[in-house]
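Next up, my_file_9.txt (compact mmCIF, C-alpha atoms and all ligand atoms):
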```
# COMPACT_ATOMS: atom_id res chain seq x y z
CA MET A 1 6.88 19.69 -6.27
CA THR A 2 8.57 22.35 -8.31
CA THR A 3 11.72 22.35 -10.33
CA ALA A 4 14.70 22.53 -8.05
CA THR A 5 16.33 25.89 -7.75
CA SER A 6 19.96 26.20 -6.91
CA THR A 7 19.40 27.32 -3.29
CA ALA A 8 20.96 24.75 -1.00
CA VAL A 9 18.87 23.74 2.01
CA ILE A 10 21.29 21.10 3.29
CA SER A 11 24.83 20.57 2.02
CA VAL A 12 27.05 17.64 2.82
CA GLU A 13 30.69 18.12 1.93
CA ASN A 14 33.18 15.30 1.82
CA VAL A 15 31.71 13.51 4.82
CA TYR A 16 33.45 10.50 6.31
CA LYS A 17 31.86 8.42 9.02
CA THR A 18 33.59 5.56 10.73
CA PHE A 19 32.50 3.22 13.53
CA GLY A 20 35.75 1.80 14.92
CA ASP A 21 37.50 0.13 11.98
CA LEU A 22 34.42 0.27 9.82
CA THR A 23 34.26 3.09 7.27
CA VAL A 24 30.57 3.56 6.55
CA LEU A 25 30.64 6.84 4.60
CA ASP A 26 33.67 7.54 2.47
CA GLY A 27 33.83 11.11 1.24
CA VAL A 28 30.14 11.68 0.51
CA SER A 29 29.03 15.06 -0.88
CA LEU A 30 25.49 16.02 -1.76
CA THR A 31 23.22 19.03 -1.81
CA LEU A 32 19.53 19.07 -1.10
CA HIS A 33 18.07 22.02 -2.98
CA ASP A 34 15.05 24.08 -2.12
CA GLY A 35 11.89 22.52 -3.52
CA GLU A 36 13.24 19.14 -4.51
CA ILE A 37 12.55 15.61 -3.36
CA VAL A 38 15.60 13.39 -3.41
CA ALA A 39 15.56 9.63 -2.95
CA LEU A 40 18.55 7.79 -1.56
CA LEU A 41 18.79 4.20 -2.77
CA GLY A 42 21.34 1.59 -1.89
CA ARG A 43 21.82 -1.90 -0.64
CA SER A 44 21.29 -2.84 2.95
CA GLY A 45 24.22 -1.61 5.03
CA SER A 46 25.42 0.92 2.46
CA GLY A 47 25.09 3.72 5.03
CA LYS A 48 21.80 5.33 3.97
CA SER A 49 20.46 5.71 7.50
CA THR A 50 23.84 6.90 8.73
CA LEU A 51 23.91 9.58 6.03
CA LEU A 52 20.35 10.64 6.90
CA ARG A 53 21.30 10.91 10.58
CA CYS A 54 24.30 13.06 9.63
CA LEU A 55 21.97 15.37 7.67
CA ALA A 56 19.65 15.60 10.67
CA GLY A 57 22.59 16.34 12.94
CA LEU A 58 21.76 13.30 15.07
CA THR A 59 25.17 11.79 14.31
CA ALA A 60 28.31 13.87 13.90
CA ALA A 61 30.41 13.14 10.83
CA THR A 62 33.89 11.83 11.62
CA SER A 63 35.18 14.46 9.18
CA GLY A 64 33.68 16.77 6.57
CA THR A 65 30.85 19.24 7.07
CA VAL A 66 27.07 19.25 7.00
CA SER A 67 25.45 22.70 6.64
CA TYR A 68 21.89 23.92 6.92
CA ARG A 69 21.24 27.01 4.78
CA GLY A 70 24.93 27.83 4.77
CA ASP A 71 25.63 27.32 8.48
CA ALA A 72 27.71 24.34 9.54
CA LEU A 73 25.77 22.06 11.90
CA ASN A 74 26.91 21.63 15.43
CA GLY A 75 24.18 19.42 16.87
CA ALA A 76 20.62 18.80 15.71
CA ASN A 77 19.62 20.36 12.40
CA PRO A 78 17.01 23.05 13.23
CA GLY A 79 15.39 22.91 9.77
CA VAL A 80 14.37 19.26 9.56
CA SER A 81 11.86 16.75 10.89
CA MET A 82 12.14 13.01 10.54
CA VAL A 83 9.80 10.14 9.78
CA PHE A 84 10.96 6.63 10.66
CA GLN A 85 10.12 3.15 9.42
CA SER A 86 9.17 2.13 12.96
CA PHE A 87 6.76 5.11 13.39
CA ALA A 88 8.48 5.87 16.74
CA LEU A 89 5.27 6.95 18.50
CA LEU A 90 4.90 7.11 22.27
CA PRO A 91 2.33 4.42 23.14
CA TRP A 92 1.10 6.12 26.31
CA LEU A 93 0.17 9.34 24.51
CA THR A 94 -2.89 9.86 22.32
CA VAL A 95 -2.58 10.64 18.61
CA GLN A 96 -3.11 14.34 19.36
CA GLU A 97 -0.50 14.36 22.14
CA ASN A 98 2.01 12.55 19.95
CA VAL A 99 1.61 15.19 17.26
CA GLU A 100 1.86 18.04 19.77
CA LEU A 101 5.22 16.76 21.04
CA GLY A 102 7.24 18.44 18.30
CA LEU A 103 5.59 21.78 19.08
CA GLN A 104 6.16 21.38 22.80
CA ALA A 105 9.88 21.19 22.14
CA LEU A 106 9.56 24.55 20.32
CA SER A 107 7.72 26.05 23.33
CA VAL A 108 4.57 26.77 21.35
CA PRO A 109 1.72 27.77 23.76
CA ALA A 110 -0.84 25.04 24.56
CA ALA A 111 -3.81 26.54 22.69
CA GLN A 112 -1.77 27.02 19.56
CA ARG A 113 -0.33 23.53 19.86
CA ARG A 114 -3.80 22.07 19.94
CA GLU A 115 -4.93 24.04 16.93
CA ARG A 116 -1.88 23.25 14.84
CA ALA A 117 -1.94 19.54 15.75
CA LEU A 118 -5.61 19.32 14.75
CA ALA A 119 -4.86 21.00 11.44
CA ALA A 120 -1.94 18.60 10.78
CA LEU A 121 -4.11 15.58 11.64
CA ASP A 122 -6.84 16.84 9.37
CA MET A 123 -4.42 17.38 6.51
CA ILE A 124 -3.06 13.83 6.76
CA GLY A 125 -6.48 12.18 6.95
CA LEU A 126 -6.67 11.49 10.69
CA ASP A 127 -9.61 13.70 11.50
CA GLY A 128 -11.64 11.94 14.23
CA PHE A 129 -8.71 9.89 15.58
CA GLU A 130 -7.30 12.59 17.89
CA SER A 131 -8.05 10.73 21.12
CA ALA A 132 -7.07 7.26 19.93
CA TYR A 133 -3.93 5.58 21.21
CA PRO A 134 -1.35 4.25 18.72
CA ARG A 135 -2.16 0.62 19.56
CA GLU A 136 -5.74 1.15 18.36
CA LEU A 137 -4.54 2.15 14.90
CA SER A 138 -3.45 0.14 11.86
CA GLY A 139 0.15 0.46 10.64
CA GLY A 140 -0.88 2.87 7.91
CA MET A 141 -2.73 5.11 10.38
CA ARG A 142 0.21 5.04 12.78
CA GLN A 143 2.52 6.20 10.04
CA ARG A 144 0.09 9.00 9.25
CA VAL A 145 0.60 10.09 12.86
CA GLY A 146 4.35 9.89 12.23
CA PHE A 147 3.95 12.21 9.23
CA ALA A 148 1.62 14.59 11.11
CA ARG A 149 4.09 14.84 13.99
CA ALA A 150 6.94 15.63 11.59
CA LEU A 151 4.96 18.11 9.46
CA VAL A 152 3.21 20.00 12.27
CA VAL A 153 6.37 22.03 12.92
CA GLU A 154 6.41 23.02 9.22
CA PRO A 155 10.02 21.96 8.75
CA ASP A 156 12.09 23.33 5.93
CA ALA A 157 12.95 19.76 4.91
CA LEU A 158 11.42 16.38 5.72
CA LEU A 159 13.87 13.49 6.16
CA MET A 160 12.25 10.07 5.77
CA ASP A 161 13.94 6.78 6.64
CA GLU A 162 12.06 4.03 4.79
CA PRO A 163 8.71 5.44 5.89
CA PHE A 164 6.62 2.99 3.87
CA SER A 165 8.57 -0.24 4.21
CA ALA A 166 6.72 -1.52 7.29
CA LEU A 167 3.36 -1.10 5.53
CA ASP A 168 1.58 -3.48 3.22
CA VAL A 169 1.62 -2.75 -0.50
CA LEU A 170 -1.80 -1.10 -0.77
CA THR A 171 -1.42 1.01 2.35
CA SER A 172 1.99 2.27 1.30
CA GLU A 173 0.72 3.01 -2.21
CA ASN A 174 -2.12 5.03 -0.75
CA LEU A 175 0.06 6.99 1.68
CA ARG A 176 2.66 7.72 -1.00
CA ALA A 177 -0.02 9.09 -3.29
CA GLU A 178 -1.38 11.33 -0.53
CA LEU A 179 2.05 12.62 0.29
CA LEU A 180 2.59 13.48 -3.37
CA ARG A 181 -0.73 15.34 -3.45
CA LEU A 182 0.34 17.37 -0.41
CA TRP A 183 3.64 18.16 -2.02
CA GLN A 184 1.98 19.38 -5.17
CA ASP A 185 -0.18 21.84 -3.24
CA PRO A 186 1.59 25.23 -3.46
CA GLU A 187 0.32 26.08 0.06
CA PHE A 188 2.13 23.12 1.62
CA PRO A 189 4.90 24.70 3.71
CA THR A 190 7.50 21.91 3.57
CA ARG A 191 9.02 22.05 0.13
CA THR A 192 12.08 19.83 0.38
CA GLY A 193 12.45 16.16 1.18
CA LEU A 194 14.92 13.30 1.32
CA ILE A 195 13.66 9.73 1.40
CA VAL A 196 15.76 6.68 2.12
CA THR A 197 14.36 3.59 0.45
CA HIS A 198 15.19 0.09 -0.80
CA ASN A 199 12.43 0.31 -3.33
CA ILE A 200 13.47 1.46 -6.79
CA GLU A 201 9.93 2.11 -8.00
CA GLU A 202 9.13 4.12 -4.91
CA ALA A 203 12.22 6.26 -5.50
CA ILE A 204 11.29 6.92 -9.12
CA GLN A 205 7.67 7.56 -8.31
CA LEU A 206 8.40 10.20 -5.69
CA ALA A 207 11.70 11.86 -6.41
CA ASP A 208 13.01 14.59 -8.66
CA ARG A 209 16.46 13.12 -8.24
CA VAL A 210 17.64 9.65 -7.21
CA LEU A 211 21.05 9.16 -5.62
CA ILE A 212 22.50 5.68 -5.54
CA LEU A 213 24.82 4.82 -2.69
CA ASP A 214 27.54 2.20 -3.13
CA SER A 215 28.47 -0.01 -0.19
CA ASN A 216 31.68 -0.96 1.57
CA PRO A 217 32.35 1.86 1.95
CA GLY A 218 29.39 4.12 1.21
CA ARG A 219 29.90 6.55 -1.64
CA ILE A 220 27.58 8.18 -4.12
CA LYS A 221 27.77 5.80 -7.05
CA GLY A 222 25.33 7.44 -9.40
CA GLU A 223 22.69 10.10 -9.76
CA LEU A 224 19.60 10.22 -11.92
CA THR A 225 17.26 13.15 -12.56
CA ILE A 226 13.70 11.89 -13.01
CA ASP A 227 12.19 14.03 -15.70
CA LEU A 228 8.59 12.75 -15.60
CA ALA A 229 5.39 14.65 -14.84
CA HIS A 230 3.18 13.55 -11.91
CA PRO A 231 1.28 11.31 -11.55
CA ARG A 232 3.88 8.91 -12.87
CA ASP A 233 2.75 5.75 -14.58
CA ARG A 234 4.85 2.77 -13.48
CA ARG A 235 4.00 0.86 -16.60
CA SER A 236 5.11 3.59 -18.99
CA PRO A 237 8.23 2.80 -21.04
CA GLU A 238 9.92 5.96 -19.67
CA PHE A 239 9.34 4.86 -16.06
CA GLU A 240 10.59 1.36 -16.82
CA SER A 241 13.65 2.76 -18.50
CA TYR A 242 14.51 4.71 -15.30
CA VAL A 243 14.10 1.47 -13.31
CA ASP A 244 16.52 -0.27 -15.67
CA THR A 245 19.04 2.55 -15.38
CA VAL A 246 18.96 2.33 -11.58
CA TYR A 247 19.56 -1.44 -11.73
CA GLU A 248 22.42 -0.84 -14.11
CA ILE A 249 24.04 1.61 -11.70
CA LEU A 250 23.36 -0.61 -8.66
CA THR A 251 24.85 -3.74 -10.17
CA GLY A 252 27.58 -1.93 -12.11
CA HIS A 253 30.86 -3.64 -11.53
CA ALA A 254 33.10 -0.72 -12.41
CA ARG A 255 34.63 -0.32 -9.00
CA ASP A 256 37.97 1.17 -8.17
CA GLY A 257 39.23 -1.77 -6.19
CA SER A 258 38.78 -0.16 -2.78
CA ARG A 259 36.09 -2.60 -1.62
CA GLN A 260 37.24 -3.90 1.71
CA THR A 261 35.41 -7.15 1.47
CA ILE A 262 36.17 -8.17 -2.06
CA ASP A 263 36.13 -11.88 -1.12
CA ALA A 264 32.88 -11.71 0.82
CA LEU A 265 30.18 -14.14 -0.25
CA PRO A 266 26.88 -12.60 -1.30
CA ALA A 267 24.15 -13.67 1.13
CA ALA A 268 22.40 -15.99 -1.32
CA ASN A 269 21.65 -19.64 -0.70
CA THR A 270 22.09 -22.38 -3.26
CA GLY A 271 18.33 -22.80 -3.70
CA GLU A 272 18.02 -19.18 -4.77
CA ILE A 273 21.08 -19.40 -7.01
CA ALA A 274 19.77 -22.51 -8.78
CA GLY A 275 16.31 -20.90 -9.01
CA LEU A 276 17.62 -17.78 -10.70
CA ILE A 277 19.65 -19.81 -13.19
CA GLU A 278 16.60 -21.93 -13.95
CA LEU A 279 14.52 -18.81 -14.53
CA LEU A 280 17.17 -17.35 -16.87
CA HIS A 281 17.33 -20.63 -18.76
CA HIS A 282 13.57 -20.72 -19.20
CA ARG A 283 13.62 -17.19 -20.52
CA GLY A 284 16.08 -18.02 -23.28
CA GLY A 285 19.16 -16.93 -21.33
CA SER A 286 18.61 -13.23 -20.88
CA VAL A 287 16.32 -11.26 -18.55
CA GLY A 288 16.15 -7.72 -17.13
CA LEU A 289 16.50 -7.42 -13.37
CA ALA A 290 13.34 -5.32 -13.09
CA GLU A 291 11.42 -8.17 -14.67
CA ILE A 292 12.96 -10.76 -12.35
CA ALA A 293 12.17 -8.67 -9.27
CA ASP A 294 8.62 -8.23 -10.47
CA GLU A 295 8.08 -11.88 -11.22
CA LEU A 296 9.60 -13.17 -7.99
CA ARG A 297 8.17 -10.27 -5.95
CA TYR A 298 11.69 -9.78 -4.66
CA GLU A 299 12.80 -6.65 -2.86
CA LEU A 300 16.10 -5.15 -3.91
CA ASP A 301 17.89 -6.62 -0.91
CA ASP A 302 16.64 -10.11 -1.72
CA LEU A 303 17.53 -9.94 -5.38
CA LEU A 304 20.95 -8.26 -5.47
CA PRO A 305 22.82 -10.89 -3.40
CA VAL A 306 21.53 -13.65 -5.69
CA VAL A 307 22.55 -11.62 -8.75
CA ASP A 308 25.99 -11.06 -7.19
CA ALA A 309 26.29 -14.79 -6.48
CA VAL A 310 25.52 -15.97 -10.02
CA VAL A 311 27.89 -13.33 -11.40
CA MET A 312 30.61 -14.26 -8.89
CA LEU A 313 30.31 -17.93 -9.85
CA LYS A 314 30.29 -17.01 -13.56
CA LEU A 315 26.96 -18.73 -14.07
CA ALA A 316 25.69 -15.49 -15.60
CA LEU A 317 27.12 -12.18 -16.73
CA PRO A 318 25.78 -8.70 -16.08
CA ARG A 319 24.37 -7.20 -19.26
CA GLY A 320 23.17 -3.63 -18.94
CA SER A 321 20.28 -3.75 -16.52
CA GLY A 322 19.89 -7.51 -16.75
CA LEU A 323 21.66 -10.86 -16.73
CA GLN A 324 22.87 -13.11 -19.50
CA LEU A 325 23.30 -16.83 -18.86
CA SER A 326 26.90 -17.98 -19.48
CA GLU A 327 27.89 -21.25 -21.11
CA GLN A 328 28.55 -22.58 -17.58
CA GLY A 329 25.10 -21.41 -16.53
CA ARG A 330 23.50 -23.17 -19.47
CA ARG A 331 25.26 -26.42 -18.58
CA PHE A 332 24.30 -26.04 -14.92
CA ALA A 333 20.64 -25.51 -15.82
CA SER A 334 20.55 -28.55 -18.09
CA ALA A 335 22.50 -30.93 -15.84
CA ASP A 336 21.02 -33.59 -13.57
CA ILE A 337 21.39 -32.94 -9.84
CA LEU A 338 24.64 -34.90 -9.46
CA ARG A 339 26.38 -33.18 -12.32
CA ALA A 340 25.02 -29.81 -11.25
CA LYS A 341 26.54 -30.32 -7.79
CA GLU A 342 29.90 -31.34 -9.28
CA GLN A 343 29.93 -28.32 -11.52
CA PHE A 344 28.93 -26.07 -8.63
CA ALA A 345 31.84 -27.46 -6.59
CA THR A 346 34.31 -26.59 -9.36
CA LEU A 347 32.92 -23.07 -9.69
CA VAL A 348 32.94 -22.49 -5.93
CA VAL A 349 36.56 -23.61 -5.58
CA GLU A 350 37.54 -21.47 -8.55
CA HIS A 351 35.60 -18.29 -7.83
CA ALA A 352 34.72 -18.20 -4.13
CA PRO A 353 38.06 -17.77 -2.31
CA LEU A 354 36.38 -17.93 1.07
CA VAL A 355 35.00 -21.43 0.56
CA ARG A 356 38.22 -22.48 -1.15
CA GLY A 357 40.13 -21.26 1.93
CA ILE A 358 37.96 -23.33 4.27
CA VAL A 359 38.38 -26.45 2.14
CA LYS A 360 42.16 -25.92 2.14
CA GLN A 361 42.15 -25.51 5.90
CA LEU A 362 40.24 -28.81 6.23
CA ARG A 363 42.68 -30.60 3.94
CA ARG A 364 45.64 -29.31 5.95
CA SER A 365 44.16 -30.44 9.25
CA ASP A 366 45.09 -33.84 10.70
CA ASN A 367 41.74 -35.53 10.38
CA GLY A 368 40.05 -33.38 7.73
CA ALA A 369 37.99 -31.56 10.35
CA VAL A 370 38.07 -28.15 12.06
CA ARG A 371 35.99 -26.70 14.86
CA ALA A 372 33.31 -24.38 13.49
CA ASP A 373 34.24 -21.80 16.16
CA THR A 374 37.74 -21.56 14.77
CA ILE A 375 36.39 -20.75 11.34
CA LEU A 376 33.88 -18.27 12.76
CA ASP A 377 36.65 -16.51 14.69
CA ASP A 378 38.72 -16.18 11.51
CA LEU A 379 35.68 -14.75 9.73
CA ARG A 380 35.14 -12.26 12.55
CA ASP A 381 38.73 -11.03 12.11
CA THR A 382 38.16 -10.48 8.40
CA PHE A 383 34.56 -9.32 8.20
CA GLY A 384 33.71 -8.06 11.68
CA ASP A 385 31.13 -9.39 14.14
CA ALA A 386 28.08 -8.24 12.20
CA SER A 387 28.88 -10.10 8.95
CA ALA A 388 30.83 -13.15 10.17
CA ARG A 389 27.77 -15.29 10.88
CA SER A 390 26.17 -14.66 7.52
CA GLN A 391 29.50 -15.36 5.74
CA PHE A 392 29.75 -18.61 7.69
CA ASP A 393 26.18 -19.67 6.89
CA THR A 394 26.63 -18.96 3.19
CA ALA A 395 30.02 -20.72 3.01
CA VAL A 396 28.55 -23.78 4.75
CA ASP A 397 25.51 -23.79 2.48
CA TRP A 398 27.60 -23.55 -0.71
CA GLY A 399 30.09 -26.13 0.63
CA ARG A 400 27.38 -28.58 1.64
CA TYR A 401 25.46 -28.30 -1.62
CA SER A 402 28.58 -28.93 -3.64
CA GLU A 403 29.52 -31.79 -1.31
CA LEU A 404 32.86 -30.24 -0.51
CA LEU A 405 32.22 -30.23 3.22
CA GLU A 406 29.87 -31.28 5.99
CA TYR A 407 28.85 -29.39 9.07
CA ASP A 408 27.66 -31.12 12.22
CA VAL A 409 26.01 -28.63 14.57
CA GLY A 410 25.97 -31.21 17.39
CA THR A 411 29.73 -31.72 17.44
CA ASN A 412 30.40 -28.18 16.20
CA ARG A 413 32.71 -29.56 13.52
CA ILE A 414 33.19 -28.88 9.86
CA GLU A 415 34.78 -31.68 7.90
CA LEU A 416 35.59 -32.73 4.36
CA ALA A 417 32.69 -34.50 2.71
N1 LIG B 1 26.12 3.09 15.91
C1 LIG B 1 26.74 2.20 15.14
N2 LIG B 1 27.81 1.52 15.60
C2 LIG B 1 28.48 0.65 14.82
N3 LIG B 1 28.16 0.36 13.54
C3 LIG B 1 27.10 1.00 13.02
C4 LIG B 1 26.34 1.95 13.77
N4 LIG B 1 25.35 2.43 12.99
C5 LIG B 1 25.48 1.80 11.80
N5 LIG B 1 26.54 0.95 11.81
C6 LIG B 1 27.00 0.12 10.70
O1 LIG B 1 27.13 0.96 9.58
C7 LIG B 1 26.75 0.29 8.39
C8 LIG B 1 25.71 1.12 7.67
O2 LIG B 1 24.52 1.12 8.43
P1 LIG B 1 23.22 1.93 7.97
O3 LIG B 1 22.14 1.59 8.91
O4 LIG B 1 23.56 3.36 7.79
O5 LIG B 1 22.96 1.29 6.54
P2 LIG B 1 21.64 1.32 5.65
O6 LIG B 1 22.10 1.48 4.25
O7 LIG B 1 20.70 2.33 6.18
O8 LIG B 1 21.11 -0.14 5.90
P3 LIG B 1 19.61 -0.70 5.86
O9 LIG B 1 19.14 -0.46 4.50
O10 LIG B 1 19.79 -2.15 6.19
O11 LIG B 1 18.84 0.06 6.91
C9 LIG B 1 26.28 -1.09 8.80
O12 LIG B 1 27.35 -1.99 8.60
C10 LIG B 1 25.98 -0.93 10.27
O13 LIG B 1 26.19 -2.16 10.94
```

Please go through the file and, once you have read it, give me the structure as structure tokens.
Ligand SMILES: Nc1ncnc2c1ncn2[C@@H]1O[C@H](COP(=O)(O)OP(=O)(O)OP(=O)(O)O)[C@@H](O)[C@H]1O
Amino acid sequence: MTTATSTAVISVENVYKTFGDLTVLDGVSLTLHDGEIVALLGRSGSGKSTLLRCLAGLTAATSGTVSYRGDALNGANPGVSMVFQSFALLPWLTVQENVELGLQALSVPAAQRRERALAALDMIGLDGFESAYPRELSGGMRQRVGFARALVVEPDALLMDEPFSALDVLTSENLRAELLRLWQDPEFPTRTGLIVTHNIEEAIQLADRVLILDSNPGRIKGELTIDLAHPRDRRSPEFESYVDTVYEILTGHARDGSRQTIDALPAANTGEIAGLIELLHHRGGSVGLAEIADELRYELDDLLPVVDAVVMLKLALPRGSGLQLSEQGRRFASADILRAKEQFATLVVEHAPLVRGIVKQLRRSDNGAVRADTILDDLRDTFGDASARSQFDTAVDWGRYSELLEYDVGTNRIELA
């Protein structure tokens, strides 16, 4: 991995991508330079995979341009290979045949295909597994095949969509380290890479530059150059300080008001919310998010909705890269269960317009009850099919806990508690 030069391998200029009414990418621009590894971080649904597919030319942007070495793409990007979270191997082909596939598409003669596939398998530590079938291999070995298949064509740039997230911690650690070793070898032909990940530490460990994507709609929210020599020590204060900075950017609340779903409930249940407040209370009221994630072994996508929820309900306030318990939060943590529920009800009515709206609807109805389907349909109109169910589940959970409402699955009715 060398210092990035200014030669652009892939450029994305002002790309918009919509699916029907949903704007997934909203004017995204980025350049992938020769010789650099870039990590793309963002919450679930922020459009990371969509952006990666635009770079690969697998999805056309609704507007804006994607160029490979100066030429605007019109179809698949000829300079890239991809590695997927799901490995995407063909189960009826051997390891060797899977790796040869990419070369077949390039019409490389059979003898050369065989030779190059063997060399790629050797390089990635799969020597001896040529005739195995994917089902005979562990997840880590299968992903090695995924890497060998992508690298055998010696692509200009490697695009990776969460390549390690289906692997256990040790296996992914091991494969990441090997990939870094390959990248540091000056003979390694693929010099440029983009990796989509949920994992902040993974991003900082691998990348020269980390881009943070905002959601609803997806925009580049922040960028961080990682100025640390390899191998990078996760426990070093410099590494930890980069982790904190990423959290700060990810949870930053300086938005320009264009969020479509400003009233959406974060997908956090009341058990998690109470648990986080308890943890903050035990820690004297203030904790860094990196520390919380570490302690709870929470992935980014587990932690951020709970953080959003406690901030939304004003139980805690964002403070730099951490959280600070509010006066309300302190009272909530010290209260007995009955008082805690009462307080939660007040906060929900005050700060969660969606739950407040449902309670109002129940009060306006003749008998204090509404069919759950009616509420789900309303949520579909506002949030779309994909998010309506999770909004419903969260609203019901918050409403039940605070004893504002009851939900009977049998009769499909929601009613005032
Ligand atoms: N082909 C499609 N048709 C309709 N909506 C889509 C399509 N592909 C993606 N989306 C929507 O676009 C949004 C962004 O999806 P995308 O997979 O790019 O996000 P992501 O950041 O990669 O998410 P994750 O981290 O969960 O993989 C989501 O709301 C998703 O439902």

Item to check | Expected answer as a ChimeraX atom specification: residues within 9 Å of ligand LIG 1 (chain B), all atoms listed in the file | outcome: /A:17-20,22-25,41-53,59,161-162,196-198,213,215-218,301,386-387

Next on the checklist: List the spatial neighbours of A:Gln184 as a ChimeraX atom specification - criterion: any atom at most 12 Å away, all atoms listed in the file, same-chain residues fewer than 2 positions off excluded.
Outcome noted: /A:1-3,35-37,177-182,186-192,206,229-231

Next on the checklist: I need the residue nearest A:Gly193 from this list: A:Arg116, A:Arg234, A:His33, A:Arg400. Use only C-alpha atoms for the distance.
Outcome noted: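 Going through A:Arg116, A:Arg234, A:His33, A:Arg400 one by one, the smallest distance to A:Gly193 is for A:His33.
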
Distance query 8 Å from (-2.1, 10.9, 13.1) using all atoms listed in the file, result as an mmCIF file with C-alpha atoms, keeping the file's coordinate frame:
```cif
data_model
loop_
_atom_site.group_PDB
_atom_site.id
_atom_site.type_symbol
_atom_site.label_atom_id
_atom_site.label_comp_id
_atom_site.auth_asym_id
_atom_site.auth_seq_id
_atom_site.Cartn_x
_atom_site.Cartn_y
_atom_site.Cartn_z
ATOM 1 C CA VAL A 95 -2.580 10.640 18.610
ATOM 2 C CA GLN A 96 -3.110 14.340 19.360
ATOM 3 C CA VAL A 99 1.610 15.190 17.260
ATOM 4 C CA LEU A 121 -4.110 15.580 11.640
ATOM 5 C CA ILE A 124 -3.060 13.830 6.760
ATOM 6 C CA GLY A 125 -6.480 12.180 6.950
ATOM 7 C CA LEU A 126 -6.670 11.490 10.690
ATOM 8 C CA PHE A 129 -8.710 9.890 15.580
ATOM 9 C CA GLU A 130 -7.300 12.590 17.890
ATOM 10 C CA MET A 141 -2.730 5.110 10.380
ATOM 11 C CA ARG A 142 0.210 5.040 12.780
ATOM 12 C CA GLN A 143 2.520 6.200 10.040
ATOM 13 C CA ARG A 144 0.090 9.000 9.250
ATOM 14 C CA VAL A 145 0.600 10.090 12.860
ATOM 15 C CA GLY A 146 4.350 9.890 12.230
ATOM 16 C CA PHE A 147 3.950 12.210 9.230
ATOM 17 C CA ALA A 148 1.620 14.590 11.110
ATOM 18 C CA ARG A 149 4.090 14.840 13.990
#
```

Next on the checklist: Restricting the calculation to all atoms listed in the file: of A:Leu250, A:Leu347, A:Leu276, A:Leu265, which residue gets closest to A:Leu300?
Outcome noted: A:Leu250

Next on the checklist: Taking 4 positions as the minimum chain separation for residues in the same chain, which residues sit within 6 Å of stretch 277-288 of chain A when counting all atoms listed in the file? Answer as a list in words.
Outcome noted: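 Once the adjacent positions are removed, what remains is Ser321, Gly322, Leu323, Gln324, Leu325 and Ala333 of chain A.
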
Checklist entry - Looking at all atoms listed in the file, which of A:Ile292, A:Asp244, A:Gln85, A:Ala267 is the one that sits closest to A:Arg389? => result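 The shortest atom-to-atom distance to A:Arg389 comes from A:Ala267.
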
Item to check | Selected residue of minimal separation from A:Asp397 among A:Asp302, A:Asp21, A:Glu272, A:Asp377, counting all atoms listed in the file | outcome: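 Ranked by minimum distance to A:Asp397, first place goes to A:Glu272.
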
Checklist entry - Which residues, written as a list in words, have at least one atom at most 9 Å from A:Leu303, with all atoms listed in the file counted and residues fewer than 6 positions away on the same chain left out? => result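 My list of contacting residues is Ala268, Leu289, Ile292, Ala293 and Leu296 of chain A.
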
Next on the checklist: What's around A:Gly64 at 9 Å? Count only C-alpha atoms, leave out sequence neighbours fewer than 4 positions away in its own chain, and write the answer as a PyMOL selection string.
Outcome noted: chain A and resi 12-17+27-29

Restricting the output to C-alpha atoms, write the selected residues as a PDB file, in the coordinates of the input.
```pdb
ATOM      1  CA  VAL A  12      27.050  17.640   2.820  1.00  0.00           C
ATOM      2  CA  GLU A  13      30.690  18.120   1.930  1.00  0.00           C
ATOM      3  CA  ASN A  14      33.180  15.300   1.820  1.00  0.00           C
ATOM      4  CA  VAL A  15      31.710  13.510   4.820  1.00  0.00           C
ATOM      5  CA  TYR A  16      33.450  10.500   6.310  1.00  0.00           C
ATOM      6  CA  LYS A  17      31.860   8.420   9.020  1.00  0.00           C
ATOM      7  CA  GLY A  27      33.830  11.110   1.240  1.00  0.00           C
ATOM      8  CA  VAL A  28      30.140  11.680   0.510  1.00  0.00           C
ATOM      9  CA  SER A  29      29.030  15.060  -0.880  1.00  0.00           C
TER      10      SER A  29
END
```

Next on the checklist: I'd like the interatomic distance between atom CA of A:Ala39 and atom CA of A:Ser236, to a tenth of an Å.
Outcome noted: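 Atom CA of A:Ser236 lies 20.1 Å from atom CA of A:Ala39.
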
Item to check | Counting only C-alpha atoms, the option among A:Ala119, A:Leu304, A:Leu137, A:Ala345 closest to A:Ala395 | outcome: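 Closest residue, counting only C-alpha atoms: A:Ala345.
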
Item to check | Spatial neighbours of stretch 351-365 of chain A, max dist 9 Å, only C-alpha atoms, sep filter under 3 positions, as an MDAnalysis selection string | outcome: chainID A and resid 263:265 312:314 346:348 368:370 375 391 395:396 398:399 404:405 414:416

Might I get the box with edges along x, y and z of the file that holds all atoms of stretch 277-289 of chain A listed there, padded by 6 Å on every side, given as centre and edge lengths in Å to one decimal, as lines of an AutoDock Vina configuration file?
```
center_x = 16.6
center_y = -14.7
center_z = -18.2
size_x = 18.1
size_y = 26.5
size_z = 22.1
```

Checklist entry - Which is closer to A:Asn412 than all the others in A:Thr374, A:Ser326, A:Thr382, A:Thr394, using only C-alpha atoms? => result A:Thr374

Checklist entry - By how many Å are atom CA of A:Ala207 and atom CA of A:Ser11 apart? => result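 Taking atom CA of A:Ala207 and atom CA of A:Ser11, their separation equals 17.9 Å.
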
Checklist entry - Rounded to one decimal in Å, what is the spacing between atom CA of A:Gly139 and atom CA of A:Ile200? => result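 Spanning atom CA of A:Gly139 to atom CA of A:Ile200 is a straight-line distance of 22.0 Å.
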